[in-house]
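run19.csv (CSV, C-alpha atoms) appears below.
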```csv
chain,number,residue,atom,x,y,z
A,381,MET,CA,25.2,-0.7,33.0
A,382,ASP,CA,22.2,-2.4,31.3
A,383,ARG,CA,24.2,-4.8,29.1
A,384,LEU,CA,21.4,-5.6,26.7
A,385,GLN,CA,20.5,-1.9,26.1
A,386,ALA,CA,24.1,-1.1,25.7
A,387,MET,CA,24.4,-3.8,23.0
A,388,GLU,CA,21.3,-2.5,21.2
A,389,ILE,CA,22.8,1.0,21.2
A,390,PHE,CA,26.2,-0.3,20.0
A,391,VAL,CA,24.5,-2.2,17.2
A,392,ARG,CA,22.7,0.9,15.9
A,393,VAL,CA,25.7,3.1,16.2
A,394,ALA,CA,27.7,0.6,14.1
A,395,GLU,CA,24.9,0.3,11.5
A,396,THR,CA,24.2,4.0,11.2
A,397,GLY,CA,27.8,5.1,11.6
A,398,SER,CA,26.7,7.9,13.8
A,399,PHE,CA,26.2,8.6,17.6
A,400,SER,CA,23.7,11.3,16.8
A,401,LYS,CA,21.5,9.1,14.6
A,402,ALA,CA,21.5,6.4,17.2
A,403,ALA,CA,20.6,9.0,19.9
A,404,LYS,CA,17.6,10.2,17.8
A,405,GLU,CA,16.4,6.6,17.4
A,406,PHE,CA,16.6,5.9,21.2
A,407,ALA,CA,15.1,9.3,22.0
A,408,THR,CA,18.1,10.4,24.1
A,409,THR,CA,21.2,12.6,23.8
A,410,GLN,CA,24.4,12.0,21.9
A,411,PRO,CA,26.5,12.2,25.1
A,412,THR,CA,24.3,9.4,26.7
A,413,ILE,CA,24.9,7.2,23.6
A,414,THR,CA,28.6,7.9,23.6
A,415,LYS,CA,28.8,7.1,27.3
A,416,GLN,CA,27.0,3.7,26.8
A,417,VAL,CA,29.5,2.7,24.1
A,418,ALA,CA,32.4,3.9,26.1
A,419,SER,CA,31.2,1.8,29.0
A,420,ILE,CA,31.2,-1.4,26.9
A,421,GLU,CA,34.7,-0.6,25.7
A,422,SER,CA,35.9,0.0,29.2
A,423,HIS,CA,34.3,-3.3,30.4
A,424,LEU,CA,36.0,-5.2,27.5
A,425,ASN,CA,39.2,-3.1,27.7
A,426,VAL,CA,39.2,-2.8,23.9
A,427,ARG,CA,38.4,-0.2,21.4
A,428,LEU,CA,35.3,-1.1,19.3
A,429,LEU,CA,34.9,2.0,17.2
A,430,ASN,CA,37.2,4.4,15.4
A,431,ARG,CA,36.0,7.9,15.8
A,432,ASN,CA,36.8,10.8,13.3
A,433,THR,CA,35.1,13.9,12.0
A,434,ARG,CA,33.3,11.9,9.3
A,435,GLY,CA,31.7,9.5,11.7
A,436,VAL,CA,32.5,6.2,13.3
A,437,SER,CA,33.7,2.8,11.9
A,438,LEU,CA,34.2,-0.6,13.4
A,439,THR,CA,37.6,-1.8,14.5
A,440,GLU,CA,38.5,-5.4,13.9
A,441,ALA,CA,37.4,-6.3,17.4
A,442,GLY,CA,34.3,-4.1,17.0
A,443,THR,CA,33.3,-6.1,13.9
A,444,LEU,CA,33.5,-9.4,15.7
A,445,TYR,CA,31.6,-7.9,18.7
A,446,TYR,CA,29.0,-6.3,16.4
A,447,GLU,CA,28.1,-9.6,14.8
A,448,LYS,CA,27.6,-11.3,18.1
A,449,CYS,CA,25.6,-8.4,19.6
A,450,LYS,CA,23.4,-8.2,16.5
A,451,ALA,CA,22.5,-11.9,16.9
A,452,ILE,CA,21.8,-11.6,20.6
A,453,VAL,CA,19.6,-8.5,20.1
A,454,ARG,CA,17.7,-10.2,17.4
A,455,GLU,CA,17.2,-13.4,19.5
A,456,VAL,CA,15.8,-11.3,22.4
A,457,GLN,CA,13.5,-9.3,20.1
A,458,GLU,CA,12.3,-12.6,18.6
A,459,ALA,CA,11.7,-14.0,22.1
A,460,ASP,CA,9.6,-11.0,23.0
A,461,SER,CA,7.8,-11.0,19.7
A,462,LEU,CA,7.0,-14.7,20.0
A,463,VAL,CA,5.1,-14.2,23.3
A,464,ARG,CA,3.2,-11.2,22.0
A,465,TRP,CA,2.4,-13.0,18.7
A,466,ARG,CA,0.8,-15.8,20.7
A,467,GLN,CA,-1.3,-13.1,22.3
A,468,GLY,CA,-2.4,-12.1,18.8
A,469,GLU,CA,-1.1,-8.5,19.2
A,470,ALA,CA,1.6,-6.5,17.5
A,471,HIS,CA,3.7,-4.5,19.9
A,472,GLY,CA,6.6,-2.1,19.9
A,473,LEU,CA,7.9,0.2,17.1
A,474,LEU,CA,7.5,-0.9,13.5
A,475,ARG,CA,9.6,1.0,11.0
A,476,ILE,CA,8.1,0.9,7.5
A,477,GLY,CA,9.6,2.3,4.3
A,478,SER,CA,8.2,3.0,0.9
A,479,SER,CA,8.6,5.1,-2.2
A,480,VAL,CA,6.9,8.5,-2.1
A,481,ALA,CA,3.9,8.2,-4.4
A,482,PHE,CA,3.1,4.6,-3.5
A,483,GLY,CA,3.6,5.4,0.1
A,484,ARG,CA,1.3,8.4,0.2
A,485,ARG,CA,-1.5,6.9,-1.9
A,486,VAL,CA,-1.4,3.2,-1.0
A,487,VAL,CA,0.7,2.5,2.1
A,488,VAL,CA,-0.6,5.3,4.3
A,489,PRO,CA,-4.3,4.1,4.4
A,490,LEU,CA,-3.1,0.5,4.9
A,491,VAL,CA,-0.9,1.4,7.8
A,492,LEU,CA,-3.5,3.5,9.4
A,493,ASP,CA,-6.0,0.6,9.2
A,494,PHE,CA,-3.3,-1.8,10.6
A,495,MET,CA,-2.6,0.6,13.5
A,496,GLN,CA,-6.3,0.7,14.4
A,497,ARG,CA,-6.3,-3.1,14.5
A,498,HIS,CA,-3.1,-3.1,16.7
A,499,PRO,CA,-3.5,-0.2,19.2
A,500,HIS,CA,-0.3,-1.1,21.1
A,501,LEU,CA,1.9,-0.7,18.0
A,502,ARG,CA,3.9,2.4,17.2
A,503,VAL,CA,4.9,3.1,13.6
A,504,ASP,CA,7.7,5.1,12.0
A,505,LEU,CA,6.8,5.6,8.4
A,506,SER,CA,9.4,7.0,5.9
A,507,PHE,CA,9.2,7.7,2.2
A,508,GLU,CA,12.2,7.7,-0.1
A,509,ASP,CA,12.4,7.3,-3.9
A,510,ARG,CA,16.1,6.5,-3.8
A,511,TYR,CA,17.4,3.1,-2.7
A,512,THR,CA,17.3,2.6,1.1
A,513,ASP,CA,19.7,0.4,3.0
A,514,LEU,CA,17.2,-1.3,5.4
A,515,VAL,CA,19.9,-2.2,7.9
A,516,ALA,CA,21.6,1.2,8.0
A,517,GLN,CA,18.2,3.0,8.2
A,518,GLY,CA,16.8,0.6,10.8
A,519,ILE,CA,13.8,-0.2,8.5
A,520,ASP,CA,11.9,-3.3,9.7
A,521,VAL,CA,9.9,-3.8,6.4
A,522,ALA,CA,9.8,-1.9,3.1
A,523,LEU,CA,7.4,-2.1,0.2
A,524,ARG,CA,9.2,-2.1,-3.1
A,525,LEU,CA,8.0,-2.0,-6.7
A,526,GLY,CA,9.8,-3.8,-9.6
A,527,LYS,CA,12.1,-6.8,-9.8
A,528,LEU,CA,14.3,-7.3,-6.7
A,529,ALA,CA,18.1,-7.5,-7.0
A,530,ASP,CA,19.7,-10.6,-5.6
A,531,SER,CA,20.5,-9.9,-2.0
A,532,THR,CA,20.5,-11.3,1.5
A,533,LEU,CA,17.3,-9.6,2.3
A,534,GLY,CA,14.1,-11.4,3.1
A,535,ALA,CA,11.2,-10.8,0.7
A,536,ARG,CA,7.5,-11.7,0.3
A,537,SER,CA,5.6,-11.2,-3.0
A,538,LEU,CA,2.4,-9.3,-2.4
A,539,GLY,CA,1.0,-8.8,-5.9
A,540,ILE,CA,1.4,-6.6,-9.0
A,541,ASN,CA,1.2,-2.9,-9.8
A,542,PRO,CA,-0.3,-2.5,-13.3
A,543,TRP,CA,0.0,0.6,-15.5
A,544,VAL,CA,-2.5,2.4,-17.7
A,545,ILE,CA,-2.0,4.8,-20.6
A,546,VAL,CA,-4.1,8.0,-20.4
A,547,ALA,CA,-4.7,11.4,-21.9
A,548,SER,CA,-7.2,14.2,-21.2
A,549,PRO,CA,-10.4,14.3,-23.3
A,550,GLN,CA,-9.3,17.7,-24.6
A,551,TYR,CA,-6.0,16.3,-25.8
A,552,VAL,CA,-7.7,13.4,-27.6
A,553,ARG,CA,-10.2,15.8,-29.3
A,554,GLU,CA,-7.4,18.0,-30.5
A,555,HIS,CA,-4.8,15.4,-31.5
A,556,GLY,CA,-6.8,12.2,-31.9
A,557,ALA,CA,-6.3,8.9,-30.0
A,558,PRO,CA,-3.5,6.6,-31.0
A,559,ARG,CA,-4.8,3.4,-32.7
A,560,GLY,CA,-1.7,1.4,-32.1
A,561,PRO,CA,1.7,1.7,-30.4
A,562,GLN,CA,3.5,3.1,-33.5
A,563,ASP,CA,1.1,6.1,-33.4
A,564,LEU,CA,2.7,7.3,-30.2
A,565,ALA,CA,5.6,8.6,-32.3
A,566,ARG,CA,3.5,11.5,-33.5
A,567,HIS,CA,2.1,12.4,-30.1
A,568,SER,CA,3.5,14.4,-27.2
A,569,VAL,CA,4.3,11.8,-24.5
A,570,LEU,CA,4.8,12.6,-20.8
A,571,ILE,CA,7.7,10.6,-19.5
A,572,TYR,CA,8.1,9.4,-15.9
A,573,SER,CA,11.8,9.3,-15.9
A,574,SER,CA,12.3,7.0,-12.9
A,575,VAL,CA,10.8,4.1,-14.9
A,576,GLN,CA,10.8,5.2,-18.5
A,577,GLY,CA,14.2,6.9,-18.4
A,578,ASN,CA,15.4,5.7,-21.8
A,579,ASP,CA,12.4,7.2,-23.7
A,580,LEU,CA,11.3,3.8,-24.9
A,581,TRP,CA,7.9,2.3,-24.1
A,582,ARG,CA,7.5,-1.4,-24.2
A,583,LEU,CA,3.9,-2.6,-24.8
A,584,ARG,CA,2.2,-5.9,-25.4
A,585,SER,CA,-1.1,-6.5,-27.2
A,586,ASN,CA,-3.9,-8.6,-25.9
A,587,THR,CA,-2.7,-11.3,-28.3
A,588,GLY,CA,0.9,-11.2,-26.9
A,589,GLU,CA,2.6,-9.2,-29.7
A,590,ALA,CA,5.4,-7.1,-28.3
A,591,PHE,CA,6.2,-3.5,-29.3
A,592,THR,CA,9.1,-1.2,-28.4
A,593,VAL,CA,8.3,2.4,-29.3
A,594,PRO,CA,10.6,5.5,-29.0
A,595,VAL,CA,8.6,8.4,-27.6
A,596,GLN,CA,9.2,12.1,-26.9
A,597,GLY,CA,7.2,15.0,-25.5
A,598,LYS,CA,7.0,18.2,-23.6
A,599,LEU,CA,7.6,17.0,-20.0
A,600,ARG,CA,9.8,14.5,-18.3
A,601,SER,CA,9.6,14.2,-14.5
A,602,ASN,CA,10.6,11.7,-11.7
A,603,ASN,CA,7.4,12.6,-9.9
A,604,LEU,CA,4.1,10.8,-10.8
A,605,SER,CA,1.9,13.6,-9.5
A,606,ALA,CA,3.6,16.0,-12.0
A,607,VAL,CA,3.1,13.6,-14.9
A,608,LEU,CA,-0.6,13.2,-14.0
A,609,ALA,CA,-1.1,16.9,-13.6
A,610,ALA,CA,0.5,17.5,-17.1
A,611,ALA,CA,-1.9,14.9,-18.6
A,612,ARG,CA,-4.9,16.5,-16.9
A,613,SER,CA,-3.7,19.9,-18.4
A,614,ASP,CA,-3.9,18.5,-21.9
A,615,LEU,CA,-0.1,18.4,-22.5
A,616,GLY,CA,0.1,14.8,-23.8
A,617,ILE,CA,-0.2,11.1,-23.2
A,618,ALA,CA,1.0,9.6,-20.0
A,619,ALA,CA,1.8,6.1,-18.6
A,620,LEU,CA,0.8,5.9,-15.0
A,621,PRO,CA,0.2,3.2,-12.3
A,622,TRP,CA,-3.5,2.5,-12.0
A,623,TYR,CA,-3.4,3.6,-8.4
A,624,VAL,CA,-2.2,7.1,-9.5
A,625,ALA,CA,-4.7,7.5,-12.4
A,626,ALA,CA,-7.8,5.8,-10.9
A,627,ASP,CA,-9.4,8.9,-9.4
A,628,SER,CA,-8.8,11.0,-12.5
A,629,LEU,CA,-10.2,8.2,-14.7
A,630,GLU,CA,-13.3,8.0,-12.6
A,631,SER,CA,-13.8,11.8,-12.6
A,632,GLY,CA,-13.3,12.0,-16.4
A,633,SER,CA,-10.4,14.4,-16.3
A,634,VAL,CA,-8.3,11.8,-18.1
A,635,THR,CA,-9.4,8.8,-20.3
A,636,GLN,CA,-7.7,5.6,-21.1
A,637,VAL,CA,-6.1,5.3,-24.5
A,638,LEU,CA,-4.7,2.2,-26.3
A,639,PRO,CA,-6.8,-0.1,-24.0
A,640,ASP,CA,-5.8,-3.2,-26.0
A,641,TYR,CA,-2.1,-2.7,-25.2
A,642,HIS,CA,-0.4,-3.1,-21.9
A,643,LEU,CA,2.8,-1.8,-20.3
A,644,PRO,CA,4.9,-4.1,-18.1
A,645,GLU,CA,3.5,-4.7,-14.6
A,646,GLN,CA,5.6,-4.1,-11.6
A,647,GLU,CA,6.0,-6.7,-8.8
A,648,ILE,CA,5.1,-5.5,-5.3
A,649,HIS,CA,7.2,-7.0,-2.6
A,650,ALA,CA,7.5,-6.6,1.2
A,651,VAL,CA,11.3,-6.6,1.9
A,652,PHE,CA,12.9,-7.0,5.3
A,653,PRO,CA,16.5,-7.1,6.6
A,654,SER,CA,16.9,-10.9,6.9
A,655,PRO,CA,14.9,-14.0,6.0
A,656,LYS,CA,15.8,-15.5,9.4
A,657,LEU,CA,14.2,-14.7,12.7
A,658,VAL,CA,11.7,-12.3,11.3
A,659,PRO,CA,10.1,-10.4,14.2
A,660,SER,CA,6.4,-11.2,14.7
A,661,LYS,CA,5.4,-7.6,14.2
A,662,VAL,CA,6.8,-7.8,10.7
A,663,GLN,CA,5.2,-11.2,10.1
A,664,THR,CA,1.9,-9.8,11.3
A,665,PHE,CA,2.1,-6.7,9.1
A,666,ILE,CA,3.0,-8.8,6.0
A,667,GLY,CA,0.2,-11.2,6.8
A,668,TYR,CA,-2.2,-8.2,6.9
A,669,LEU,CA,-0.9,-7.0,3.5
A,670,SER,CA,-1.3,-10.4,1.9
A,671,GLY,CA,-4.4,-10.4,-0.3
A,672,ARG,CA,-4.6,-6.5,-0.3
A,673,PHE,CA,-3.0,-6.4,-3.8
A,674,SER,CA,-5.2,-8.8,-5.7
A,675,GLY,CA,-7.7,-7.9,-8.4
A,676,ALA,CA,-8.4,-4.2,-9.0
A,677,TRP,CA,-7.0,-3.4,-5.6
A,678,TRP,CA,-6.6,0.4,-6.5
A,679,ASP,CA,-10.4,0.6,-6.5
A,680,ALA,CA,-10.5,-0.1,-2.8
A,681,LEU,CA,-8.3,2.9,-2.0
A,682,PRO,CA,-10.0,5.8,-0.1
A,683,LYS,CA,-11.2,8.4,-2.6
A,684,ARG,CA,-9.3,11.7,-2.5
```
As C-alpha cells, what does this structure read like?
Amino acid sequence: MDRLQAMEIFVRVAETGSFSKAAKEFATTQPTITKQVASIESHLNVRLLNRNTRGVSLTEAGTLYYEKCKAIVREVQEADSLVRWRQGEAHGLLRIGSSVAFGRRVVVPLVLDFMQRHPHLRVDLSFEDRYTDLVAQGIDVALRLGKLADSTLGARSLGINPWVIVASPQYVREHGAPRGPQDLARHSVLIYSSVQGNDLWRLRSNTGEAFTVPVQGKLRSNNLSAVLAAARSDLGIAALPWYVAADSLESGSVTQVLPDYHLPEQEIHAVFPSPKLVPSKVQTFIGYLSGRFSGAWWDALPKR
C-alpha cells in the first residue's frame, strides 16, 4: 500500500463525503478508492468512516486521523511546490473556481494566458453562481466578487469590479434619459436579481451625495447576459458590470446613462482554502493576477 496516496484518497473521501467523487478526482474506479480506504482501516484496525446510502461520514477516530492526514498531505504538497517554485514553474493540477459570467468573460482568457506561460500546469476550471465550499469541492483558488464573509479562508484582494448604467439608444429616444436617480422611478428598469434582489438601487453622485431609489421594470433575471440582451432589445435601463457592458458600449448597441452617478463597486478577491502553507502553484497564479484588475481593466479583455 502506498501510504501517502492512501492518505490523499482518504482525505478527499472525507471532504467530499463520497467514494465516487473521490474516484473521479483521482481518475480511477470507486472499488479502487474503497479498497484503499479499507486497507488503511485494516492497517489501523479501526473504522474511520461510517457508510450508508446517503454517503460517508467520519467516525470519531476518523476525524482525528483526517486532521493529521490533511496536515501531512499539505506538507508534502508544499515541499513539492517549494522545489518547483524555485525552478520558476507551476506544476500539477490547479483547480480554479469562479461565478459563471465573470468566469466566462474574465477568468477564461486570464487562465489560458497563464497556462501558456506554464506549460506543465493542468487546470480544472469550474463555474458556479451559488456559494462553493472550497474544501469540499477541492478548489485550490476561487475568484469571488463582493465583500467576503468572515471565515478561515485565505484571501488576497485583487481590485474592484465597477458597474455602469446603460440603455439602448432606441429606448432613450422613446423614453428620454433620466437626469437624476429619482427619474428612474418612471422608467422600466431591468433587474439583476443576484445583486439587486430588493429592487433598490443605491447610487452616489460625483460629489458624494447618496441616493436609494426603488425601481421596477419588465424583466428580472439572475443572469447578466439576459439583462444585457434585454437592454439591447430596448426593454429598459440596466445596471451591469463594466466587463459585461463594455463591448456593447463600444459597438453603440447600448449607451451610458446617468454618467455622474455611480453604483457600489464590488471587491475582487482570490480566495483559497487556508492562509497557511499556500501551495506555490496558487501563489504563482495569484501573483499573475495581481495588477490585472487595475485601471479600466475590462478594456484589456479580448473582444468578442
Among the residues A:Arg502, A:Arg427, A:Arg392, A:Arg672, the one that comes closest to Leu490 of chain A [using all atoms listed in the file]
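Comparing A:Arg502, A:Arg427, A:Arg392, A:Arg672 against Leu490 of chain A, the winner is A:Arg672.
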Which polymer residues have any atom within 12 Å of an atom of Thr439 of chain A, counting only C-alpha atoms, with same-chain residues fewer than 5 positions away left out, as a list in words? Ala394, Glu421, Val426, Arg427, Leu428, Leu429, Asn430, Arg431, Leu444, Tyr445 and Tyr446 of chain A
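Environment of (31.1, 1.7, 9.1): residues at most 10 Å away, judged by only C-alpha atoms, are Val393, Ala394, Glu395, Thr396, Gly397, Ser398, Leu429, Asn430, Gly435, Val436, Ser437, Leu438, Thr439, Thr443 and Ala516 of chain A.
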Test item: residues at most 6 Å from Val503 of chain A, all atoms listed in the file, excluding those fewer than 4 positions along its chain, as number ranges by chain:
A: 473-475
- Please identify all polymer residues within 10 Å of Asn603 of chain A, counting only C-alpha atoms, omitting same-chain residues fewer than 4 positions from it, and present them as number ranges by chain. A: 480-481, 509, 571-574, 607-608
As a check of understanding: the span from atom CA of Gly526 of chain A to atom CA of Ile666 of chain A is 17.7 Å
Which residue, A:Phe507, A:Trp677, A:Phe390, A:Phe494, has the smallest gap to Trp622 of chain A when you use only C-alpha atoms?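 For Trp622 of chain A, the nearest of the candidates is A:Trp677.
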Show me the residues close to (3.7, -7.2, 0.1) - anything with an atom within 7 Å, counting only C-alpha atoms - and format the list as a compact mmCIF listing (two decimals) with C-alpha atoms, keeping the file's coordinate frame.
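Contents of selection12.txt, as written:
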```
# COMPACT_ATOMS: atom_id res chain seq x y z
CA LEU A 523 7.40 -2.10 0.20
CA ARG A 536 7.50 -11.70 0.30
CA SER A 537 5.60 -11.20 -3.00
CA LEU A 538 2.40 -9.30 -2.40
CA GLY A 539 1.00 -8.80 -5.90
CA ILE A 648 5.10 -5.50 -5.30
CA HIS A 649 7.20 -7.00 -2.60
CA ALA A 650 7.50 -6.60 1.20
CA ILE A 666 3.00 -8.80 6.00
CA LEU A 669 -0.90 -7.00 3.50
CA SER A 670 -1.30 -10.40 1.90
```
Nearest candidate to Val453 of chain A (options A:Gly560, A:Pro499, A:Pro411, A:Pro659; using only C-alpha atoms):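 Of all the options, A:Pro659 lies closest to Val453 of chain A.
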Exercise. What is the distance, in Å and to one decimal place, between atom CA of Leu501 of chain A and atom CA of Val651 of chain A?
Worked result: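 That distance, rounded to one decimal, is 19.6 Å.
The space separating atom CA of Arg612 of chain A from atom CA of Glu647 of chain A comes to 26.9 Å.
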Quick one: residues within 12 Å of Ala403 of chain A, all atoms listed in the file counted, chain neighbours fewer than 2 positions away excluded, as a ChimeraX atom specification?
-> /A:388-390,392-393,396-401,405-417
Please dump the current selection as a PDB file, keeping the file's coordinate frame; keep C-alpha atoms.
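File written: again.pdb
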```pdb
ATOM      1  CA  GLU A 388      21.300  -2.500  21.200  1.00  0.00           C
ATOM      2  CA  ILE A 389      22.800   1.000  21.200  1.00  0.00           C
ATOM      3  CA  PHE A 390      26.200  -0.300  20.000  1.00  0.00           C
ATOM      4  CA  ARG A 392      22.700   0.900  15.900  1.00  0.00           C
ATOM      5  CA  VAL A 393      25.700   3.100  16.200  1.00  0.00           C
ATOM      6  CA  THR A 396      24.200   4.000  11.200  1.00  0.00           C
ATOM      7  CA  GLY A 397      27.800   5.100  11.600  1.00  0.00           C
ATOM      8  CA  SER A 398      26.700   7.900  13.800  1.00  0.00           C
ATOM      9  CA  PHE A 399      26.200   8.600  17.600  1.00  0.00           C
ATOM     10  CA  SER A 400      23.700  11.300  16.800  1.00  0.00           C
ATOM     11  CA  LYS A 401      21.500   9.100  14.600  1.00  0.00           C
ATOM     12  CA  GLU A 405      16.400   6.600  17.400  1.00  0.00           C
ATOM     13  CA  PHE A 406      16.600   5.900  21.200  1.00  0.00           C
ATOM     14  CA  ALA A 407      15.100   9.300  22.000  1.00  0.00           C
ATOM     15  CA  THR A 408      18.100  10.400  24.100  1.00  0.00           C
ATOM     16  CA  THR A 409      21.200  12.600  23.800  1.00  0.00           C
ATOM     17  CA  GLN A 410      24.400  12.000  21.900  1.00  0.00           C
ATOM     18  CA  PRO A 411      26.500  12.200  25.100  1.00  0.00           C
ATOM     19  CA  THR A 412      24.300   9.400  26.700  1.00  0.00           C
ATOM     20  CA  ILE A 413      24.900   7.200  23.600  1.00  0.00           C
ATOM     21  CA  THR A 414      28.600   7.900  23.600  1.00  0.00           C
ATOM     22  CA  LYS A 415      28.800   7.100  27.300  1.00  0.00           C
ATOM     23  CA  GLN A 416      27.000   3.700  26.800  1.00  0.00           C
ATOM     24  CA  VAL A 417      29.500   2.700  24.100  1.00  0.00           C
TER      25      VAL A 417
END
```
(message) Excluding Tyr641 of chain A and its own-chain neighbours fewer than 3 positions away, which residues fall within 10 Å of it when counting all atoms listed in the file? Please give them as a ChimeraX atom specification.
(response) /A:544-545,560-561,582-591,637-638
(Q) Which residue is closest to Leu643 of chain A? Choose from A:Trp543, A:Ala402, A:Leu570, A:Lys598 and count only C-alpha atoms. (A)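 Counting only C-alpha atoms, the residue closest to Leu643 of chain A is A:Trp543.
Proximity ranking of A:Pro621, A:Pro653, A:Gly671, A:Gly442 relative to Asp520 of chain A places A:Pro653 first, based on all atoms listed in the file.
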